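To keep things clear, I will list the structure first and then write my remarks on it.
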Amino acid sequence: MAILTNFGVPTGNGDTATTLMPKLQYRFRVTFNGLGNNRGPLVTKNVVSATRPGIDHDAVLIDTYNSRIHLAGKHTWQDVTIVLRDDTNNDVIKAIQEQLVDQVNHLDGSSAKAGSDYKFSMNIETLDGSQSTSSSDGVIDKWVLIGAFIPAITFGDLNYATSEVVQVSMTIRFDHAELVLTPNAVGQNATL
């Protein structure tokens with residue numbers, strides 16, 4: 001989608017010098033499936049910021065005759081960070097607390113028998129800014145995180161000297177991520 005037809009970087013292959021509409025950081029939504037007894041919609045409404053997944057590959061070095069070859073080894077998905085607003089009803093931290101208890105109940109020292117007993121999935125969607133009642137309309141791209149759990153959380157600071165809201169910051173670790181590009185964005189569905 002061109003936004004300016006007279007400005008851009010000439011590529012030298014006959015392309016016109018146009019620039020594309022960038023994705024805007026503030027147009028996003030984070031949805032949770034199976035988080036804290038399915039209280040995901042409440043948490044979604046209180047998201048302040050989210051990082052998107054990254055991936056690292058182990059280095060594999062093959063020594064050959066008088067040279068070296070580099071290959072991509074096993075991959076590791078990087079954790080994402082979700083920042084939430086804390087509320088005076090404690091609804092957000094109740095939902096998070098339910099998730100944490102599902103993972104490990106620190107009060108009685110018990111833990112889940114298997115990851116499937118506490119892991120959840122979540123979506124980080126980039127939106128186009130339109131107002132639609134459909135959950136899929138207006139989505140430019142979507143990261144689907146599978147096998148997620150919370151390995152670290154901070155419940156925010158208190159400070160007499162500021163008027164800032166209390167924010168909860170949680171790290172999300174997951175087993176797999178999939179990037180889904182919508183037909184509107186690229187002409188067809190594509191995944192990473």
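Chain labels A, B, ... are given in the sequence in which chains occur in the structure tokens; within each chain residues are numbered consecutively from 1, and ligands are likewise numbered from 1 in the order shown.
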**OP:** Please identify all polymer residues within 7 Å of Phe28 in chain A, counting only C-alpha atoms, omitting same-chain residues fewer than 5 positions from it, and present them as a PyMOL selection string.
**Re:** chain A and resi 125-127
Write out, as a short mmCIF file (atom, residue, chain, number, x, y, z; two decimals), in the first residue's frame, the residues just selected, with C-alpha atoms.
data_model
loop_
_atom_site.label_atom_id
_atom_site.label_comp_id
_atom_site.auth_asym_id
_atom_site.auth_seq_id
_atom_site.Cartn_x
_atom_site.Cartn_y
_atom_site.Cartn_z
CA GLU A 125 -1.92 -9.38 16.75
CA THR A 126 -0.94 -6.28 14.80
CA LEU A 127 -4.10 -4.34 13.87
#
**OP:** Determine, counting only C-alpha atoms, which protein, DNA and RNA residues have an atom within 12 Å of an atom of Leu42 in chain A; residues of the same chain fewer than 4 positions away are not included. Present the result as a PyMOL selection string.
**Re:** chain A and resi 30-33+35-38+46-47+84-87+89-96
Those selected residues, please, written with N, CA and C atoms and delivered as a compact mmCIF listing (two decimals), in the first residue's frame.
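The result, stored in out-v8.txt:
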# COMPACT_ATOMS: atom_id res chain seq x y z
N VAL A 30 -3.41 -8.40 22.44
CA VAL A 30 -2.87 -9.65 22.95
C VAL A 30 -4.04 -10.43 23.54
N THR A 31 -4.27 -11.64 23.04
CA THR A 31 -5.35 -12.48 23.56
C THR A 31 -4.76 -13.74 24.15
N PHE A 32 -5.41 -14.24 25.19
CA PHE A 32 -4.93 -15.41 25.93
C PHE A 32 -5.99 -16.51 25.88
N ASN A 33 -5.56 -17.74 25.68
CA ASN A 33 -6.46 -18.89 25.66
C ASN A 33 -6.02 -19.87 26.74
N LEU A 35 -5.62 -19.07 30.03
CA LEU A 35 -4.84 -18.42 31.09
C LEU A 35 -5.69 -18.27 32.33
N GLY A 36 -5.21 -18.75 33.48
CA GLY A 36 -5.86 -18.50 34.76
C GLY A 36 -7.35 -18.76 34.78
N ASN A 37 -7.75 -19.97 34.54
CA ASN A 37 -9.17 -20.35 34.51
C ASN A 37 -9.95 -19.55 33.47
N ASN A 38 -9.32 -19.36 32.31
CA ASN A 38 -9.94 -18.70 31.16
C ASN A 38 -10.40 -17.27 31.45
N ASN A 46 -6.30 -5.05 29.65
CA ASN A 46 -5.38 -4.29 30.50
C ASN A 46 -3.93 -4.37 30.06
N VAL A 47 -3.68 -4.84 28.84
CA VAL A 47 -2.32 -4.91 28.32
C VAL A 47 -1.83 -3.50 27.99
N LEU A 84 1.13 -5.20 32.05
CA LEU A 84 -0.30 -5.03 32.32
C LEU A 84 -0.53 -3.91 33.32
N ARG A 85 -1.70 -3.25 33.22
CA ARG A 85 -2.12 -2.31 34.26
C ARG A 85 -2.74 -3.10 35.41
N ASP A 86 -2.35 -2.78 36.62
CA ASP A 86 -2.98 -3.36 37.80
C ASP A 86 -4.22 -2.52 38.12
N ASP A 87 -5.26 -3.13 38.64
CA ASP A 87 -6.51 -2.41 38.89
C ASP A 87 -6.89 -2.48 40.37
N ASN A 89 -9.63 -3.37 41.76
CA ASN A 89 -10.41 -4.57 42.13
C ASN A 89 -9.54 -5.81 42.21
N ASN A 90 -8.27 -5.69 41.83
CA ASN A 90 -7.33 -6.83 41.79
C ASN A 90 -7.72 -7.89 40.76
N ASP A 91 -8.56 -7.54 39.79
CA ASP A 91 -9.01 -8.53 38.81
C ASP A 91 -7.86 -9.06 37.95
N VAL A 92 -6.96 -8.19 37.54
CA VAL A 92 -5.85 -8.62 36.69
C VAL A 92 -4.91 -9.56 37.45
N ILE A 93 -4.52 -9.17 38.66
CA ILE A 93 -3.59 -10.04 39.38
C ILE A 93 -4.27 -11.30 39.91
N LYS A 94 -5.61 -11.28 40.07
CA LYS A 94 -6.33 -12.52 40.40
C LYS A 94 -6.19 -13.52 39.26
N ALA A 95 -6.37 -13.04 38.04
CA ALA A 95 -6.24 -13.93 36.88
C ALA A 95 -4.81 -14.46 36.76
N ILE A 96 -3.84 -13.60 36.96
CA ILE A 96 -2.44 -14.03 36.89
C ILE A 96 -2.12 -14.98 38.04
Original post:
Which residues, written as a ChimeraX atom specification, have at least one atom at most 9 Å from Gln167 in chain A, with only C-alpha atoms counted and residues fewer than 3 positions away on the same chain left out?
Top reply: /A:48,83-86,154-157,164
Original post:
Among range 14-67 of chain A, which ones does DSSP place in alpha helix (DSSP H), written as a VMD selection string?
Top reply: chain A and resid 40 to 44
Could you write out the selected residues, including C-alpha atoms, as an mmCIF file, in the first residue's frame?
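Saved file selection05.cif follows:
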data_model
loop_
_atom_site.group_PDB
_atom_site.id
_atom_site.type_symbol
_atom_site.label_atom_id
_atom_site.label_comp_id
_atom_site.auth_asym_id
_atom_site.auth_seq_id
_atom_site.Cartn_x
_atom_site.Cartn_y
_atom_site.Cartn_z
ATOM 1 C CA GLY A 40 -7.938 -14.050 29.303
ATOM 2 C CA PRO A 41 -10.367 -11.372 28.010
ATOM 3 C CA LEU A 42 -10.008 -9.439 31.273
ATOM 4 C CA VAL A 43 -6.223 -9.528 30.980
ATOM 5 C CA THR A 44 -6.400 -8.568 27.268
#
Original post:
Between A:Asp63, A:Asp79, A:Asp108, A:Asp56, which one has atoms that come closest to Phe174 in chain A, using only C-alpha atoms?
Top reply: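 Residue with the minimum atom-to-atom distance to Phe174 in chain A: A:Asp79.
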Subject >> Among the residues A:Ile82, A:Gln103, A:Leu181, A:Asp141, the one that comes closest to Ile153 in chain A [using only C-alpha atoms] >> reply: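 When distances to Ile153 in chain A are compared using only C-alpha atoms, the smallest one comes from A:Ile82.
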Subject >> A:Ala59, A:Thr88, A:Trp143, A:Lys119 ranked by distance to Lys74 in chain A, top pick (using only C-alpha atoms) >> reply: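 Residue with the minimum atom-to-atom distance to Lys74 in chain A: A:Ala59.
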Original post:
Smallest atom-to-atom distance to Ile124 in chain A: which of A:Gly138, A:Gly73, A:Pro53, A:Pro151, using only C-alpha atoms?
Top reply: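 Once distances to Ile124 in chain A are computed over only C-alpha atoms, the minimum belongs to A:Pro53.
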Original post:
Closest to Ile172 in chain A among A:Ser121, A:Leu71, A:Asn159, A:Lys45, using only C-alpha atoms?
Top reply: A:Ser121
